Amino acid sequence: MTKQLHVISHTHWDFEWYFSAHESLIQLIYHMDEVMDALESGDVESYYLDGQLSIVEDYLNACPQQKARFTELVSSGKLKIGPWYTQTDQLIIAGESIIRNLQLGISLGRGLGGVEMLGYVPDAFGQSMDMPKIYNGVGIDKTVFWRGLSTDVYPHREGQWQSEDGSLVTFYNIRDGYYVGGQLIYCDDAEAMAAQVAKGCLSDDIALPLGGDQRFVDFNVKSRIALFNQQLAEKQMDTRLIESSYDALFAKLSEQNLPMDCLSGEMIDGQASKIHRSIYSSRADHKRWNDMLERRLTLELEPLMVLATRFGIGYQKTLLDNLWRTMTRNHAHDSAGACNTDKTNKIILERFEQVDQMSGSACDYLVRKLAESQPALQNGSRITLFNTLPFSRSQVQTVTLSTKSGGFSLSTLEGENVPFDVLSQTRHYNGSIQRDPKDNAPDGYYFQTTIALRYALPALGFTSLVLNEKGSALESVSENHSNSIENERYRIVFTQGELHLTDKKLGQQWTQFLSVRDGGDDGDTYDYSPPAQDWVLDLSFSRADCTSQCGELQQSLTLKGHWLLPENLEARAQRFADTQCSYSLTLTLTADEQPLQVELSVDNQADDHRLQLVVNSPIQTRESIADTPFGFARRPVYQSQMADWRERGWKEEPSGIYPMISYANLSDDNLSLTVMTQGVKEYEVLLDSPQSPSGKLALTLFRSVGWLGKPDLLRRPGIASGQQYKYIPTPDSQMLGQQKAKFAFSLDSEFDPARIATQHQCWSVNLPYYQAQTLNQFTNTLKYFVMHPLKQPVCDTFSLLALSTDSLVCGAMQFEDNALCLRLFNPSERSVEQSGEIAVHVPTGTASETNMLLETLAPVAMEYGDLTPGAFRAKQVRTFKIPLE
């Protein structure tokens, strides 16, 4: 049978990289003129504009006069766009962000004449195991990708890929890269090209992608196809080239009964192409920013906006869409990886700062608007506490209050005393500022007091406390030099420079359970790579100054000191360490169900190194677990290909460095250790020998490197990643200055992914609050400006809905057509028959289940305001739309 090479004209348009998006926009403007000319003249039959709409949006904003011409070509099927807004990273970007990316891209594409419903990711650094269900969730049943699939897993290019919930897509693996078709233009060896792209194909219909990075359209594609077809005919080869598209290719594949296997799991092997399995720690500051803002948008701001609609405050969908547009621009694979020039990374940080300022101000506005619309109290002032999660929370939280006097008490509206710990108290001035503070008005002073309190908060709602001032000053929890802290669950002791942990519930004692490890890094912004002459340091706390603060609700232990590190790789090779890096490590225990919390701050003054926090557990295991966008993955601590990857020609060492979204776990038959993070995205299990089990979990705090790409790394031989023709320095990626990381440790008898995910939300999602006071007009940026209260007073306490479940996790709460859209998922490997219920506390209309685009699939019964989600398959994601009257 004759083989058909489907020549698919396209460009891969990196959103930003060693250039900025602003710079590449200039080329895009002129590029689009050429593309549209080629399509209109018939020189090219169809053209795929890299599957992302952000560049289209930029182009049409710059050239609005071209919109009619552009949309006509899209409508005719000649110009193919979408479905992404930006081609996202899949391994360290949260699942909800990936959904929003597709929501934005598909909506924008439909508005421009039509969108390609193809999971097109030609350059993402690996494929998440959750992508089939995300694709199916928006109506996509086929995908094209390049990186991550090794022939050890599957030898063919065509196959089926299935998530654990049963979602299925047909995939095509462009194993030779999205640029392989360039041989059609630049070479004359049709036979060699045909043999290359046919290798591993089950079908005689074969993709030949013709494009490249920011590459021009080929006006001569027809004549080159004719030339190659003539060569192949002369050699009597049963192969011919045709102009085509991925739609046409998949249509041909669907007609054939190919013996395709069904794969499951993630694809993160660097056999055929690099996947940069340590990029997850490049520019750790970017990762922390992104993680914090993803949580704020999905689990703070959007729920607050939904809550506010019940009191007449309009839902600002356009504002949210614009925030997500800005965020997802930072999720493109290079942007998320931070393998860019310093100037491009500065722009990425500016986007994060923009989203931070706007989302933070929106949260502040809504909290204040609702709180200031509550009636004034007759006795005392009001403190309004908010909970943006759909289940009740009763955990210790930190609140800062402003009072005229140094003393006060807290109570419920019914007059019951609410205890609290005073963590700190400072005196401030709120009168007109003077050059000489001695001229300040004596009565212009007030106190700011930070306290720890615990009070039950209603699900997705708010409640009120009463503050009454009294003259006597409050006594702060004293700081002392005690070397231990404890609560009902844990006891932590610092002795002889080591930290020891006792788990009272499970009867476990861990000696030296936390340590810090530092090694050299001869890599680049793509990959960690140890130097040829490495010197790995196990950093001691032996000279740390130890202090503690022990209240009734919260106890903390702080170690402060400094480490001496090699200044750079040259000093490390000489085993010379004289560069001082100060650190502060704080461990916190609370009187609730919260995990052990750890915060580490390091003033990095050294270059070319990698710093890791190491958890030394008694667990002995050969696999690790880490969460994925909507579930978790099991991974070997030692991958068998490590033994001979160089001899087999792998592009990159398959070392046990792995990505995570928010936690990593080690478990055995008796014990489960989960380390949760707020922005740390990389971990590995340290091994004494390749085949030995281990319980040492190392999390990469940050990497310091100074180059965009370097050739011939120990972990990645061959040409440089990124720009292979020029060394590009990235001094900002040395990460000098304060580097902070937050962790939480949860110990259990067994691994429970739903409980861990919910516990992570409780720990990492803020608890907004508002104090009715006029002493401090700068509690947030907008507090200084006056605000009208709502026309109808807001009640003292309120709960919109409550999710009661032990097996499901809330992914997001959107608002569409005056309806709450609640996305839930089962992160477990097991199906759930009775998943709990959703109790809605306001009148509702007829509920329905939707896809991830919020399009109705089927009605869902509600009884007396309660919705029962019913059974969930393993790892399944479902969305419920509940109209609110």
# chains A, B, ... in the order shown; residues from 1 in each chain; ligands from 1
>>> residues_around(residues="Leu60 (chain A)", least_positions_apart="3", cutoff="12 Å", atoms="only C-alpha atoms", output="VMD selection string")
chain A and resid 25 28 to 29 32 to 33 53 to 57 63 to 71 108 112
>>> residues_around(residues="region 212-215 of chain A", least_positions_apart="3", cutoff="8 Å", atoms="only C-alpha atoms", output="JSON, numbers by chain")
{"A": [10, 11, 12, 13, 14, 28, 178, 179, 182]}
>>> write_last_selection(atoms="N, CA, C and O atoms", output="PDB file, in the first residue's frame")
ATOM      1  N   HIS A  10       3.115  24.769   9.171  1.00  0.00           N
ATOM      2  CA  HIS A  10       2.826  25.378  10.479  1.00  0.00           C
ATOM      3  C   HIS A  10       4.013  26.233  10.881  1.00  0.00           C
ATOM      4  O   HIS A  10       5.054  26.264  10.223  1.00  0.00           O
ATOM      5  N   THR A  11       3.846  26.915  12.001  1.00  0.00           N
ATOM      6  CA  THR A  11       4.987  27.526  12.672  1.00  0.00           C
ATOM      7  C   THR A  11       4.876  27.194  14.144  1.00  0.00           C
ATOM      8  O   THR A  11       3.767  27.025  14.672  1.00  0.00           O
ATOM      9  N   HIS A  12       6.023  27.025  14.795  1.00  0.00           N
ATOM     10  CA  HIS A  12       6.020  26.947  16.265  1.00  0.00           C
ATOM     11  C   HIS A  12       6.452  28.308  16.773  1.00  0.00           C
ATOM     12  O   HIS A  12       7.588  28.721  16.572  1.00  0.00           O
ATOM     13  N   TRP A  13       5.538  29.001  17.421  1.00  0.00           N
ATOM     14  CA  TRP A  13       5.786  30.382  17.832  1.00  0.00           C
ATOM     15  C   TRP A  13       5.968  30.430  19.346  1.00  0.00           C
ATOM     16  O   TRP A  13       4.995  30.598  20.093  1.00  0.00           O
ATOM     17  N   ASP A  14       7.211  30.240  19.802  1.00  0.00           N
ATOM     18  CA  ASP A  14       7.460  30.368  21.237  1.00  0.00           C
ATOM     19  C   ASP A  14       6.962  31.726  21.710  1.00  0.00           C
ATOM     20  O   ASP A  14       7.340  32.767  21.167  1.00  0.00           O
ATOM     21  N   LEU A  28       5.874  38.647  14.080  1.00  0.00           N
ATOM     22  CA  LEU A  28       4.557  38.044  13.874  1.00  0.00           C
ATOM     23  C   LEU A  28       3.695  38.919  12.956  1.00  0.00           C
ATOM     24  O   LEU A  28       2.962  38.402  12.102  1.00  0.00           O
ATOM     25  N   TYR A 178       8.771  18.865  15.592  1.00  0.00           N
ATOM     26  CA  TYR A 178       7.839  19.635  14.758  1.00  0.00           C
ATOM     27  C   TYR A 178       8.528  20.283  13.559  1.00  0.00           C
ATOM     28  O   TYR A 178       7.881  20.884  12.712  1.00  0.00           O
ATOM     29  N   TYR A 179       9.850  20.148  13.479  1.00  0.00           N
ATOM     30  CA  TYR A 179      10.636  20.804  12.440  1.00  0.00           C
ATOM     31  C   TYR A 179      11.176  19.834  11.394  1.00  0.00           C
ATOM     32  O   TYR A 179      11.901  20.233  10.488  1.00  0.00           O
ATOM     33  N   GLY A 182      11.371  20.312   7.561  1.00  0.00           N
ATOM     34  CA  GLY A 182      12.274  21.280   6.943  1.00  0.00           C
ATOM     35  C   GLY A 182      13.165  20.657   5.886  1.00  0.00           C
ATOM     36  O   GLY A 182      13.652  21.345   4.970  1.00  0.00           O
TER      37      GLY A 182
END
>>> closest_residue(among="A:Leu687, A:Leu299, A:Met1, A:Leu263", to="Ser203 (chain A)", atoms="only C-alpha atoms")
A:Met1
>>> atom_distance(atom1="CA of Leu559 (chain A)", atom2="CA of Val598 (chain A)")
11.2 Å
>>> select_by_dssp(residues="region 147-272 of chain A", states="alpha helix (DSSP H)", output="MDAnalysis selection string")
chainID A and resid 183:186 190:198 221:234 246:254
>>> closest_residue(among="A:Leu501, A:Ala847, A:Leu820, A:Leu699", to="Glu302 (chain A)", atoms="only C-alpha atoms")
A:Leu820
>>> atom_distance(atom1="CA of Thr239 (chain A)", atom2="CA of Gly119 (chain A)")
27.8 Å
>>> residues_around(residues="region 129-140 of chain A", least_positions_apart="3", cutoff="6 Å", atoms="only C-alpha atoms", output="PyMOL selection string")
chain A and resi 117-118+162-163+167-169+265-266+851-853
>>> closest_residue(among="A:Ser733, A:Thr341, A:Gln549, A:Phe872", to="Ser424 (chain A)", atoms="only C-alpha atoms")
A:Gln549
>>> closest_residue(among="A:Ala802, A:Leu585, A:Ala812, A:Val197", to="Arg296 (chain A)", atoms="only C-alpha atoms")
A:Ala812
>>> atom_distance(atom1="CA of Phe216 (chain A)", atom2="CA of Glu34 (chain A)")
7.9 Å
>>> closest_atom_pairs(of="region 692-787 of chain A", to="region 327-338 of chain A", cutoff="12 Å", atoms="only C-alpha atoms", output="tab-separated table")
residue	atom	partner	partner_atom	distance
A:Arg703	CA	A:Ala338	CA	11.9
A:Val705	CA	A:Ala338	CA	11.9
A:Trp707	CA	A:Ala338	CA	11.7
A:Leu708	CA	A:Ala338	CA	9.4
A:Gly709	CA	A:Ala338	CA	11.9
A:Ser721	CA	A:Asp334	CA	11.6
A:Gly722	CA	A:Asp334	CA	9.6
A:Thr730	CA	A:Ala338	CA	10.8
A:Asp732	CA	A:Ala338	CA	11.2
A:Ser733	CA	A:Ala338	CA	9.0
>>> residues_around(residues="Asp285 (chain A)", least_positions_apart="5", cutoff="12 Å", atoms="only C-alpha atoms", output="ChimeraX atom specification")
/A:280,290-292,336-338,345-346,348-349,352,678-681,701-704,732-741
>>> residues_around(residues="Arg646 (chain A)", least_positions_apart="3", cutoff="12 Å", atoms="only C-alpha atoms", output="number ranges by chain")
A: 270-271, 641-643, 649-654, 714-718
>>> residues_around(residues="Gly507 (chain A)", least_positions_apart="5", cutoff="12 Å", atoms="only C-alpha atoms", output="list in words")
Arg489, Tyr490, Arg491, Leu501, Thr502, Asn670, Leu671, Leu747, Asp748 and Ser749 of chain A
>>> write_last_selection(atoms="all heavy atoms", output="PDB file, in the first residue's frame")
ATOM      1  N   ARG A 489      -0.173  16.277  69.056  1.00  0.00           N
ATOM      2  CA  ARG A 489       0.277  15.281  68.085  1.00  0.00           C
ATOM      3  C   ARG A 489       1.795  15.112  68.055  1.00  0.00           C
ATOM      4  O   ARG A 489       2.310  13.985  68.037  1.00  0.00           O
ATOM      5  CB  ARG A 489      -0.231  15.677  66.695  1.00  0.00           C
ATOM      6  CG  ARG A 489       0.224  14.762  65.563  1.00  0.00           C
ATOM      7  CD  ARG A 489      -0.400  13.388  65.668  1.00  0.00           C
ATOM      8  NE  ARG A 489       0.191  12.442  64.735  1.00  0.00           N
ATOM      9  CZ  ARG A 489      -0.193  12.280  63.468  1.00  0.00           C
ATOM     10  NH1 ARG A 489      -1.188  13.020  62.979  1.00  0.00           N
ATOM     11  NH2 ARG A 489       0.381  11.379  62.717  1.00  0.00           N
ATOM     12  N   TYR A 490       2.537  16.211  68.028  1.00  0.00           N
ATOM     13  CA  TYR A 490       3.969  16.147  67.788  1.00  0.00           C
ATOM     14  C   TYR A 490       4.769  16.796  68.926  1.00  0.00           C
ATOM     15  O   TYR A 490       4.289  17.715  69.607  1.00  0.00           O
ATOM     16  CB  TYR A 490       4.339  16.867  66.485  1.00  0.00           C
ATOM     17  CG  TYR A 490       3.663  16.331  65.245  1.00  0.00           C
ATOM     18  CD1 TYR A 490       2.707  17.090  64.571  1.00  0.00           C
ATOM     19  CD2 TYR A 490       3.977  15.066  64.743  1.00  0.00           C
ATOM     20  CE1 TYR A 490       2.099  16.610  63.421  1.00  0.00           C
ATOM     21  CE2 TYR A 490       3.374  14.581  63.606  1.00  0.00           C
ATOM     22  CZ  TYR A 490       2.429  15.355  62.949  1.00  0.00           C
ATOM     23  OH  TYR A 490       1.817  14.876  61.815  1.00  0.00           O
ATOM     24  N   ARG A 491       5.989  16.351  69.063  1.00  0.00           N
ATOM     25  CA  ARG A 491       6.974  17.018  69.913  1.00  0.00           C
ATOM     26  C   ARG A 491       8.258  17.159  69.102  1.00  0.00           C
ATOM     27  O   ARG A 491       8.713  16.196  68.464  1.00  0.00           O
ATOM     28  CB  ARG A 491       7.249  16.220  71.182  1.00  0.00           C
ATOM     29  CG  ARG A 491       8.387  16.780  72.045  1.00  0.00           C
ATOM     30  CD  ARG A 491       8.537  15.998  73.342  1.00  0.00           C
ATOM     31  NE  ARG A 491       9.751  16.355  74.066  1.00  0.00           N
ATOM     32  CZ  ARG A 491       9.884  17.418  74.857  1.00  0.00           C
ATOM     33  NH1 ARG A 491       8.843  18.237  75.040  1.00  0.00           N
ATOM     34  NH2 ARG A 491      11.019  17.676  75.474  1.00  0.00           N
ATOM     35  N   LEU A 501      12.027  14.506  65.996  1.00  0.00           N
ATOM     36  CA  LEU A 501      10.569  14.558  65.957  1.00  0.00           C
ATOM     37  C   LEU A 501       9.982  13.323  66.629  1.00  0.00           C
ATOM     38  O   LEU A 501      10.411  12.195  66.353  1.00  0.00           O
ATOM     39  CB  LEU A 501      10.086  14.628  64.504  1.00  0.00           C
ATOM     40  CG  LEU A 501       8.584  14.475  64.261  1.00  0.00           C
ATOM     41  CD1 LEU A 501       7.817  15.669  64.797  1.00  0.00           C
ATOM     42  CD2 LEU A 501       8.297  14.287  62.773  1.00  0.00           C
ATOM     43  N   THR A 502       8.991  13.541  67.487  1.00  0.00           N
ATOM     44  CA  THR A 502       8.211  12.450  68.059  1.00  0.00           C
ATOM     45  C   THR A 502       6.770  12.590  67.603  1.00  0.00           C
ATOM     46  O   THR A 502       6.157  13.650  67.769  1.00  0.00           O
ATOM     47  CB  THR A 502       8.264  12.475  69.603  1.00  0.00           C
ATOM     48  OG1 THR A 502       9.619  12.334  70.026  1.00  0.00           O
ATOM     49  CG2 THR A 502       7.430  11.334  70.184  1.00  0.00           C
ATOM     50  N   ASN A 670       3.339   0.642  56.841  1.00  0.00           N
ATOM     51  CA  ASN A 670       2.978   1.123  58.181  1.00  0.00           C
ATOM     52  C   ASN A 670       2.897   2.638  58.305  1.00  0.00           C
ATOM     53  O   ASN A 670       2.312   3.135  59.265  1.00  0.00           O
ATOM     54  CB  ASN A 670       4.001   0.601  59.209  1.00  0.00           C
ATOM     55  CG  ASN A 670       4.083  -0.909  59.210  1.00  0.00           C
ATOM     56  OD1 ASN A 670       3.072  -1.589  59.305  1.00  0.00           O
ATOM     57  ND2 ASN A 670       5.307  -1.426  59.078  1.00  0.00           N
ATOM     58  N   LEU A 671       3.480   3.355  57.374  1.00  0.00           N
ATOM     59  CA  LEU A 671       3.635   4.794  57.564  1.00  0.00           C
ATOM     60  C   LEU A 671       3.575   5.533  56.240  1.00  0.00           C
ATOM     61  O   LEU A 671       4.032   5.031  55.210  1.00  0.00           O
ATOM     62  CB  LEU A 671       4.983   5.069  58.246  1.00  0.00           C
ATOM     63  CG  LEU A 671       5.301   6.493  58.681  1.00  0.00           C
ATOM     64  CD1 LEU A 671       4.277   6.995  59.699  1.00  0.00           C
ATOM     65  CD2 LEU A 671       6.710   6.557  59.267  1.00  0.00           C
ATOM     66  N   LEU A 747       1.937  13.161  58.778  1.00  0.00           N
ATOM     67  CA  LEU A 747       2.255  11.757  58.991  1.00  0.00           C
ATOM     68  C   LEU A 747       0.964  10.986  59.232  1.00  0.00           C
ATOM     69  O   LEU A 747       0.122  11.404  60.029  1.00  0.00           O
ATOM     70  CB  LEU A 747       3.190  11.584  60.191  1.00  0.00           C
ATOM     71  CG  LEU A 747       4.501  12.375  60.163  1.00  0.00           C
ATOM     72  CD1 LEU A 747       5.329  12.056  61.401  1.00  0.00           C
ATOM     73  CD2 LEU A 747       5.286  12.054  58.909  1.00  0.00           C
ATOM     74  N   ASP A 748       0.817   9.869  58.524  1.00  0.00           N
ATOM     75  CA  ASP A 748      -0.388   9.059  58.635  1.00  0.00           C
ATOM     76  C   ASP A 748      -0.001   7.591  58.546  1.00  0.00           C
ATOM     77  O   ASP A 748       1.117   7.240  58.143  1.00  0.00           O
ATOM     78  CB  ASP A 748      -1.364   9.399  57.506  1.00  0.00           C
ATOM     79  CG  ASP A 748      -1.772  10.863  57.531  1.00  0.00           C
ATOM     80  OD1 ASP A 748      -2.621  11.218  58.351  1.00  0.00           O
ATOM     81  OD2 ASP A 748      -1.225  11.640  56.716  1.00  0.00           O
ATOM     82  N   SER A 749      -0.949   6.738  58.909  1.00  0.00           N
ATOM     83  CA  SER A 749      -0.700   5.301  58.804  1.00  0.00           C
ATOM     84  C   SER A 749      -0.801   4.826  57.368  1.00  0.00           C
ATOM     85  O   SER A 749      -0.227   3.790  57.003  1.00  0.00           O
ATOM     86  CB  SER A 749      -1.682   4.533  59.683  1.00  0.00           C
ATOM     87  OG  SER A 749      -3.021   4.846  59.319  1.00  0.00           O
TER      88      SER A 749
END
>>> closest_atom_pairs(of="region 742-798 of chain A", to="region 304-317 of chain A", cutoff="10 Å", atoms="only C-alpha atoms", output="CSV")
residue,atom,partner,partner_atom,distance
A:Pro768,CA,A:Leu304,CA,9.8
A:Leu790,CA,A:Gly312,CA,7.9
A:Lys791,CA,A:Gly312,CA,9.0
A:Gln792,CA,A:Phe311,CA,7.8
A:Pro793,CA,A:Phe311,CA,8.7
A:Val794,CA,A:Phe311,CA,7.2
A:Cys795,CA,A:Phe311,CA,9.6
A:Phe798,CA,A:Leu307,CA,9.4
>>> select_by_dssp(residues="region 128-339 of chain A", states="strand (DSSP E)", output="mmCIF file with N, CA, C and O atoms, in the first residue's frame")
data_model
loop_
_atom_site.group_PDB
_atom_site.id
_atom_site.type_symbol
_atom_site.label_atom_id
_atom_site.label_comp_id
_atom_site.auth_asym_id
_atom_site.auth_seq_id
_atom_site.Cartn_x
_atom_site.Cartn_y
_atom_site.Cartn_z
ATOM 1 N N LYS A 142 -8.316 13.917 20.471
ATOM 2 C CA LYS A 142 -7.062 13.558 19.806
ATOM 3 C C LYS A 142 -5.994 14.568 20.201
ATOM 4 O O LYS A 142 -6.282 15.725 20.513
ATOM 5 N N THR A 143 -4.737 14.103 20.169
ATOM 6 C CA THR A 143 -3.637 14.967 20.586
ATOM 7 C C THR A 143 -2.394 14.668 19.764
ATOM 8 O O THR A 143 -2.181 13.533 19.311
ATOM 9 N N VAL A 144 -1.576 15.697 19.585
ATOM 10 C CA VAL A 144 -0.276 15.589 18.916
ATOM 11 C C VAL A 144 0.768 16.149 19.870
ATOM 12 O O VAL A 144 0.609 17.258 20.388
ATOM 13 N N PHE A 145 1.815 15.369 20.146
ATOM 14 C CA PHE A 145 2.884 15.850 21.015
ATOM 15 C C PHE A 145 4.212 15.285 20.545
ATOM 16 O O PHE A 145 4.268 14.351 19.749
ATOM 17 N N GLU A 158 1.479 6.066 16.699
ATOM 18 C CA GLU A 158 0.044 6.214 16.856
ATOM 19 C C GLU A 158 -0.415 5.328 18.022
ATOM 20 O O GLU A 158 0.037 4.198 18.161
ATOM 21 N N GLY A 159 -1.333 5.837 18.822
ATOM 22 C CA GLY A 159 -1.812 5.036 19.939
ATOM 23 C C GLY A 159 -3.014 5.656 20.612
ATOM 24 O O GLY A 159 -3.511 6.716 20.212
ATOM 25 N N GLN A 160 -3.499 4.946 21.614
ATOM 26 C CA GLN A 160 -4.573 5.446 22.470
ATOM 27 C C GLN A 160 -3.964 5.757 23.838
ATOM 28 O O GLN A 160 -3.126 5.012 24.341
ATOM 29 N N TRP A 161 -4.427 6.838 24.441
ATOM 30 C CA TRP A 161 -3.889 7.279 25.743
ATOM 31 C C TRP A 161 -5.082 7.496 26.656
ATOM 32 O O TRP A 161 -6.000 8.246 26.316
ATOM 33 N N GLN A 162 -5.052 6.839 27.806
ATOM 34 C CA GLN A 162 -6.225 6.821 28.664
ATOM 35 C C GLN A 162 -5.876 7.278 30.076
ATOM 36 O O GLN A 162 -4.859 6.885 30.638
ATOM 37 N N LEU A 168 -10.329 8.936 27.078
ATOM 38 C CA LEU A 168 -9.462 8.368 26.053
ATOM 39 C C LEU A 168 -9.239 9.356 24.921
ATOM 40 O O LEU A 168 -10.179 10.015 24.470
ATOM 41 N N VAL A 169 -7.994 9.473 24.476
ATOM 42 C CA VAL A 169 -7.679 10.252 23.285
ATOM 43 C C VAL A 169 -6.793 9.408 22.372
ATOM 44 O O VAL A 169 -6.048 8.536 22.828
ATOM 45 N N THR A 170 -6.905 9.671 21.081
ATOM 46 C CA THR A 170 -5.969 9.105 20.110
ATOM 47 C C THR A 170 -4.783 10.054 20.015
ATOM 48 O O THR A 170 -4.969 11.274 19.915
ATOM 49 N N PHE A 171 -3.577 9.500 20.070
ATOM 50 C CA PHE A 171 -2.416 10.389 20.004
ATOM 51 C C PHE A 171 -1.567 10.089 18.778
ATOM 52 O O PHE A 171 -1.577 8.984 18.235
ATOM 53 N N TYR A 172 -0.829 11.108 18.349
ATOM 54 C CA TYR A 172 0.197 10.956 17.328
ATOM 55 C C TYR A 172 1.458 11.605 17.880
ATOM 56 O O TYR A 172 1.462 12.789 18.237
ATOM 57 N N ASN A 173 2.524 10.823 17.949
ATOM 58 C CA ASN A 173 3.793 11.276 18.504
ATOM 59 C C ASN A 173 4.726 11.698 17.365
ATOM 60 O O ASN A 173 5.189 10.864 16.593
ATOM 61 N N ASP A 205 -0.327 6.375 6.644
ATOM 62 C CA ASP A 205 -0.549 7.827 6.643
ATOM 63 C C ASP A 205 0.305 8.422 7.738
ATOM 64 O O ASP A 205 0.112 8.121 8.931
ATOM 65 N N ILE A 206 1.243 9.250 7.345
ATOM 66 C CA ILE A 206 2.337 9.668 8.226
ATOM 67 C C ILE A 206 2.429 11.189 8.238
ATOM 68 O O ILE A 206 2.346 11.837 7.198
ATOM 69 N N ALA A 207 2.623 11.760 9.442
ATOM 70 C CA ALA A 207 2.740 13.214 9.566
ATOM 71 C C ALA A 207 4.134 13.675 9.162
ATOM 72 O O ALA A 207 5.146 13.081 9.539
ATOM 73 N N LEU A 208 4.179 14.744 8.392
ATOM 74 C CA LEU A 208 5.430 15.423 8.072
ATOM 75 C C LEU A 208 5.246 16.905 8.397
ATOM 76 O O LEU A 208 4.844 17.701 7.539
ATOM 77 N N PRO A 209 5.511 17.301 9.665
ATOM 78 C CA PRO A 209 5.333 18.709 10.044
ATOM 79 C C PRO A 209 6.374 19.582 9.359
ATOM 80 O O PRO A 209 7.576 19.328 9.465
ATOM 81 N N LEU A 210 5.907 20.605 8.686
ATOM 82 C CA LEU A 210 6.792 21.527 7.977
ATOM 83 C C LEU A 210 6.716 22.881 8.666
ATOM 84 O O LEU A 210 5.785 23.650 8.461
ATOM 85 N N THR A 239 5.668 5.646 -1.946
ATOM 86 C CA THR A 239 5.507 6.763 -1.014
ATOM 87 C C THR A 239 5.246 8.020 -1.813
ATOM 88 O O THR A 239 5.892 8.250 -2.849
ATOM 89 N N ARG A 240 4.293 8.818 -1.340
ATOM 90 C CA ARG A 240 4.077 10.120 -1.973
ATOM 91 C C ARG A 240 3.716 11.149 -0.903
ATOM 92 O O ARG A 240 3.231 10.801 0.184
ATOM 93 N N LEU A 241 3.974 12.396 -1.229
ATOM 94 C CA LEU A 241 3.695 13.495 -0.324
ATOM 95 C C LEU A 241 2.431 14.212 -0.773
ATOM 96 O O LEU A 241 2.204 14.378 -1.981
ATOM 97 N N ILE A 242 1.622 14.628 0.201
ATOM 98 C CA ILE A 242 0.440 15.432 -0.104
ATOM 99 C C ILE A 242 0.368 16.585 0.887
ATOM 100 O O ILE A 242 0.778 16.458 2.047
ATOM 101 N N GLU A 243 -0.146 17.721 0.428
ATOM 102 C CA GLU A 243 -0.458 18.802 1.367
ATOM 103 C C GLU A 243 -1.636 18.372 2.213
ATOM 104 O O GLU A 243 -2.625 17.831 1.695
ATOM 105 N N CYS A 262 -3.238 0.755 24.170
ATOM 106 C CA CYS A 262 -3.802 1.822 25.004
ATOM 107 C C CYS A 262 -2.836 2.087 26.154
ATOM 108 O O CYS A 262 -2.595 1.211 26.984
ATOM 109 N N LEU A 263 -2.271 3.279 26.172
ATOM 110 C CA LEU A 263 -1.315 3.663 27.204
ATOM 111 C C LEU A 263 -2.025 4.407 28.325
ATOM 112 O O LEU A 263 -3.086 4.997 28.132
ATOM 113 N N SER A 264 -1.393 4.394 29.495
ATOM 114 C CA SER A 264 -1.840 5.234 30.605
ATOM 115 C C SER A 264 -0.608 5.787 31.291
ATOM 116 O O SER A 264 0.506 5.296 31.091
#
>>> closest_residue(among="A:Ala577, A:Ile26, A:Leu666, A:Ala21", to="Thr621 (chain A)", atoms="only C-alpha atoms")
A:Leu666
>>> residues_around(residues="region 462-466 of chain A", least_positions_apart="3", cutoff="6 Å", atoms="only C-alpha atoms", output="JSON, numbers by chain")
{"A": [380, 381, 382, 383, 384, 385, 386, 410, 411, 412, 796, 797, 798]}
>>> decode(residues="region 258-276 of chain A", atoms="C-alpha atoms", output="PDB file, in the first residue's frame")
ATOM      1  CA  LEU A 258      -4.627  -0.077  13.501  1.00  0.00           C
ATOM      2  CA  PRO A 259      -3.266  -2.393  16.232  1.00  0.00           C
ATOM      3  CA  MET A 260      -2.791   0.534  18.614  1.00  0.00           C
ATOM      4  CA  ASP A 261      -2.084  -0.181  22.264  1.00  0.00           C
ATOM      5  CA  CYS A 262      -3.802   1.822  25.004  1.00  0.00           C
ATOM      6  CA  LEU A 263      -1.315   3.663  27.204  1.00  0.00           C
ATOM      7  CA  SER A 264      -1.840   5.234  30.605  1.00  0.00           C
ATOM      8  CA  GLY A 265       0.322   7.371  32.824  1.00  0.00           C
ATOM      9  CA  GLU A 266       2.614  10.324  32.290  1.00  0.00           C
ATOM     10  CA  MET A 267       5.260  10.712  29.591  1.00  0.00           C
ATOM     11  CA  ILE A 268       8.451  12.195  31.044  1.00  0.00           C
ATOM     12  CA  ASP A 269      11.284  10.205  29.467  1.00  0.00           C
ATOM     13  CA  GLY A 270      14.160  11.920  27.674  1.00  0.00           C
ATOM     14  CA  GLN A 271      14.937   9.201  25.158  1.00  0.00           C
ATOM     15  CA  ALA A 272      13.969  10.781  21.839  1.00  0.00           C
ATOM     16  CA  SER A 273      13.995  14.411  22.986  1.00  0.00           C
ATOM     17  CA  LYS A 274      15.001  16.395  26.022  1.00  0.00           C
ATOM     18  CA  ILE A 275      12.327  16.944  28.629  1.00  0.00           C
ATOM     19  CA  HIS A 276      14.479  18.822  31.175  1.00  0.00           C
TER      20      HIS A 276
END
